[in-house]
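Worksheet: one structure, shown below.
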Amino acid sequence: MTTTSAPPPAPAPASPQAPQGTRRRRRTVPGNLRLLLIVLAAAAVAYGAVGTWTVIQHASAAQDVVSTSEPLSLAAQRMYQALSDADVTATTAFLIGPNVRLPARERYAADIDRAAAELTSLENATTTSANPRLVRSLAAVAAGLPVYTGYVSQAQTQVVLGFRLTAGSLMQVASEEMHLTLLPAAQASYAQENAALTAASAQATGLPWIVVVLVLAIAAAFMLYRAQRWLSRSTHRVFNLGMLAATVALVVSAVWLIGSFAVARTDLQRAVGHGSVPAEALAKAAIDTQRARGYQVLNLISRSGDATFVQDFQVVRTSLGPGPGTLLGTAASSSSGAGAHWAAVAERDLRSWYTVIGQAYALDSKAQYTAETALVTGPGADASTAGFARVEADLAKAINADDAVFRSGATAGRNAFTGLDVVIVIAAALMAGGCAWGLSRRLAEYR
């Protein structure tokens, strides 16, 4: 009896092997998608962080121009003008004699009060750690102001008692205190505050960080474009809605950023060029006008026969103008609207006043002191006092007009940044969220 063994079982058919390229694709595409998601999310965060920080810095500088730097610069300017006018008013009143007219006394008191008020506002806004030089300048004004008013008060008392010679000596000491201590310190304060205004304006309109943000936006847009092209080839889908939304958010925020910055830069530059620059020139012109008037009065008080006051006046006249390159010439060429009009009127009235000043110095050279005093201090419409008042009023109106141009432009420039930081943050969040949603849907196809 023979036995036969069963045939061996047939081998199971081999399962079909996936092509090698497909296996590699299934291994690499999910990894590439995850890497792409990380890169795009990082780009969105970088764009949002740098863009938001830049906008906040520019907006803060623009706000500082409007609410801090410009008001403090104006306060320092007014303090200087008030001190200078107080000195001119006091010395002119001394020449009139014991029967000083009430308007002159009221003007002197108002000048001192205004200078003290502006000094207080500047001191309240300044700390020792902020600007030590400014603090020292303000301290010098604070220490010298009561000294000056004390000498003036003593001189006025001596005039009432009939001691004109003693009063004249006291007025000279008071004027020296003003011109050697108070006015230089006040001018230094104004220079410091004006420099702070210029720095804030430059920061608000500066380009470097805005360029960095735009470079980041362009780089992110390029990465989004290349990523969508790669996805289109890899998945055979024309659009990825999430990444398309991210691209739209980026483009809209970048265009908004460019538009807002362009508007802000234009408005702030107009505020500086047609407001701050001519207003500064006009303020210096007003100060030089007061100096010219002061030299007239001091020449009457001293009676020393020295020609330095005439020479000092000629130096002031060369700086003041009118004419190209002078303070009034600069203001007239850079002002606009009402500011340009009043600057032109000031030039006209200044020429007329120069004629009267020349007549007064001519009388002084001939020792015709009574006629000179009447021409310098008299109340007539053709006297030097009236000419000085007209020029001073013209300059004040021109300064106010240019200040209005500055405030309007600076406020518009500040407002151009309103809400821009929120737009950048929302755009960055939409970019990151859109990329995450769009790529996660593609990742789900490989699970």
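Residues in the structure tokens are numbered from 1 in each chain, the chains being A, B, ... in the order shown, and ligands are numbered from 1 in the order shown.
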List as a tab-separated table every residue of stretch 238-322 of chain A that is in contact with stretch 201-216 of chain A, defined as an atom at most 12 Å from one of its atoms (using only C-alpha atoms), together with the nearest atom pair and the distance in Å rounded to one decimal, sorted by chain and then rising number.
```
residue	atom	partner	partner_atom	distance
A:Leu250	CA	A:Leu216	CA	10.4
A:Val251	CA	A:Leu214	CA	10.6
A:Ser253	CA	A:Leu214	CA	10.4
A:Ala254	CA	A:Leu214	CA	7.1
A:Val255	CA	A:Leu214	CA	9.6
A:Trp256	CA	A:Leu214	CA	11.3
A:Leu257	CA	A:Ile210	CA	8.6
A:Ile258	CA	A:Leu214	CA	8.3
A:Gly259	CA	A:Ile210	CA	11.7
A:Ser260	CA	A:Ile210	CA	11.1
A:Phe261	CA	A:Thr205	CA	8.0
A:Ala262	CA	A:Thr205	CA	9.1
A:Val263	CA	A:Thr205	CA	10.2
A:Ala264	CA	A:Thr205	CA	7.4
A:Arg265	CA	A:Thr205	CA	5.1
A:Thr266	CA	A:Thr205	CA	8.6
A:Asp267	CA	A:Thr205	CA	9.6
A:Leu268	CA	A:Ser201	CA	7.1
A:Gln269	CA	A:Thr205	CA	7.7
A:Arg270	CA	A:Ser201	CA	11.0
A:Ala271	CA	A:Ser201	CA	9.4
A:Val272	CA	A:Ser201	CA	7.7
A:Gly273	CA	A:Ser201	CA	10.9
A:Ser276	CA	A:Ser201	CA	10.2
A:Val277	CA	A:Ser201	CA	11.9
```
Keeping only N, CA, C and O atoms, write the selected residues to a file as a CSV table (one decimal), in the first residue's frame.
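Written file, again_32.csv:
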```csv
chain,number,residue,atom,x,y,z
A,250,LEU,N,-2.6,90.1,3.3
A,250,LEU,CA,-1.3,90.7,3.3
A,250,LEU,C,-1.3,91.9,2.4
A,250,LEU,O,-0.8,93.0,2.7
A,251,VAL,N,-1.9,91.8,1.2
A,251,VAL,CA,-1.9,92.8,0.2
A,251,VAL,C,-2.7,94.0,0.7
A,251,VAL,O,-2.2,95.2,0.6
A,253,SER,N,-3.3,94.9,3.8
A,253,SER,CA,-2.7,95.6,4.9
A,253,SER,C,-1.4,96.4,4.5
A,253,SER,O,-1.2,97.5,4.9
A,254,ALA,N,-0.7,95.8,3.5
A,254,ALA,CA,0.5,96.5,3.0
A,254,ALA,C,0.1,97.8,2.2
A,254,ALA,O,0.7,98.8,2.4
A,255,VAL,N,-1.0,97.7,1.4
A,255,VAL,CA,-1.5,98.9,0.7
A,255,VAL,C,-1.9,99.9,1.7
A,255,VAL,O,-1.7,101.1,1.5
A,256,TRP,N,-2.7,99.5,2.7
A,256,TRP,CA,-3.1,100.4,3.8
A,256,TRP,C,-1.9,101.0,4.5
A,256,TRP,O,-2.0,102.2,4.7
A,257,LEU,N,-0.9,100.3,4.8
A,257,LEU,CA,0.3,100.8,5.4
A,257,LEU,C,0.9,101.8,4.5
A,257,LEU,O,1.3,102.9,5.0
A,258,ILE,N,1.1,101.5,3.2
A,258,ILE,CA,1.8,102.5,2.3
A,258,ILE,C,0.9,103.8,2.2
A,258,ILE,O,1.5,104.9,2.3
A,259,GLY,N,-0.4,103.6,2.1
A,259,GLY,CA,-1.2,104.8,1.9
A,259,GLY,C,-1.2,105.6,3.2
A,259,GLY,O,-1.1,106.9,3.1
A,260,SER,N,-1.3,105.0,4.4
A,260,SER,CA,-1.4,105.8,5.6
A,260,SER,C,0.0,106.5,5.8
A,260,SER,O,0.0,107.7,6.2
A,261,PHE,N,1.1,105.8,5.6
A,261,PHE,CA,2.4,106.4,5.8
A,261,PHE,C,2.6,107.6,4.8
A,261,PHE,O,3.1,108.6,5.2
A,262,ALA,N,2.2,107.4,3.6
A,262,ALA,CA,2.3,108.4,2.6
A,262,ALA,C,1.5,109.7,3.0
A,262,ALA,O,2.0,110.8,2.9
A,263,VAL,N,0.3,109.5,3.4
A,263,VAL,CA,-0.5,110.6,3.9
A,263,VAL,C,0.1,111.3,5.1
A,263,VAL,O,0.2,112.5,5.2
A,264,ALA,N,0.5,110.5,6.1
A,264,ALA,CA,1.1,111.0,7.3
A,264,ALA,C,2.4,111.8,7.0
A,264,ALA,O,2.6,112.9,7.5
A,265,ARG,N,3.2,111.2,6.2
A,265,ARG,CA,4.5,111.8,5.8
A,265,ARG,C,4.2,113.2,5.1
A,265,ARG,O,4.9,114.2,5.4
A,266,THR,N,3.3,113.2,4.2
A,266,THR,CA,3.0,114.4,3.4
A,266,THR,C,2.5,115.5,4.4
A,266,THR,O,2.9,116.6,4.3
A,267,ASP,N,1.5,115.1,5.2
A,267,ASP,CA,0.9,116.1,6.2
A,267,ASP,C,2.0,116.6,7.2
A,267,ASP,O,2.0,117.8,7.4
A,268,LEU,N,2.8,115.7,7.7
A,268,LEU,CA,3.8,116.2,8.7
A,268,LEU,C,4.8,117.0,8.0
A,268,LEU,O,5.3,118.0,8.7
A,269,GLN,N,5.3,116.7,6.8
A,269,GLN,CA,6.3,117.5,6.2
A,269,GLN,C,5.7,118.8,5.8
A,269,GLN,O,6.4,119.9,5.9
A,270,ARG,N,4.4,118.9,5.4
A,270,ARG,CA,3.8,120.2,5.2
A,270,ARG,C,3.7,121.0,6.5
A,270,ARG,O,3.9,122.2,6.5
A,271,ALA,N,3.4,120.3,7.6
A,271,ALA,CA,3.3,121.0,8.9
A,271,ALA,C,4.6,121.6,9.2
A,271,ALA,O,4.7,122.7,9.8
A,272,VAL,N,5.7,120.9,9.0
A,272,VAL,CA,7.0,121.4,9.4
A,272,VAL,C,7.5,122.4,8.4
A,272,VAL,O,7.9,123.5,8.7
A,273,GLY,N,7.4,122.1,7.1
A,273,GLY,CA,7.9,123.0,6.0
A,273,GLY,C,7.1,124.3,5.9
A,273,GLY,O,7.7,125.4,5.7
A,276,SER,N,6.0,124.9,11.0
A,276,SER,CA,7.1,125.0,12.0
A,276,SER,C,8.3,125.9,11.6
A,276,SER,O,8.7,126.7,12.3
A,277,VAL,N,8.8,125.6,10.4
A,277,VAL,CA,10.0,126.4,9.9
A,277,VAL,C,9.7,127.9,9.8
A,277,VAL,O,10.5,128.7,10.4
```
Quiz prompt | All residues 8 Å or closer to A:Ala292, only C-alpha atoms, same chain fewer than 2 positions away omitted, as an NGL selection string | solution = :A and (288-290 or 294-296 or 313 or 316-317)
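Compared by their closest atoms to A:Ala219, and using only C-alpha atoms, the residues A:Gln314, A:Asn415, A:Asn240, A:Thr247 rank with A:Thr247 nearest.
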Contacts of A:Val141 at 7 Å or less, counting only C-alpha atoms, minus same-chain residues fewer than 5 places along, as an mmCIF file with N, CA, C and O atoms, in the first residue's frame?
```cif
data_model
loop_
_atom_site.group_PDB
_atom_site.id
_atom_site.type_symbol
_atom_site.label_atom_id
_atom_site.label_comp_id
_atom_site.auth_asym_id
_atom_site.auth_seq_id
_atom_site.Cartn_x
_atom_site.Cartn_y
_atom_site.Cartn_z
ATOM 1 N N LEU A 182 18.873 135.968 31.826
ATOM 2 C CA LEU A 182 17.529 135.478 31.530
ATOM 3 C C LEU A 182 17.339 135.139 30.048
ATOM 4 O O LEU A 182 16.900 134.033 29.711
ATOM 5 N N ALA A 185 19.369 132.092 28.817
ATOM 6 C CA ALA A 185 18.798 130.853 29.349
ATOM 7 C C ALA A 185 17.476 130.521 28.670
ATOM 8 O O ALA A 185 17.191 129.362 28.341
ATOM 9 N N ALA A 186 16.655 131.551 28.445
ATOM 10 C CA ALA A 186 15.379 131.318 27.760
ATOM 11 C C ALA A 186 15.595 130.888 26.320
ATOM 12 O O ALA A 186 14.877 130.021 25.802
#
```
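Interatomic distance, atom CA of A:Ser365 against atom CA of A:Val297: 14.9 Å.
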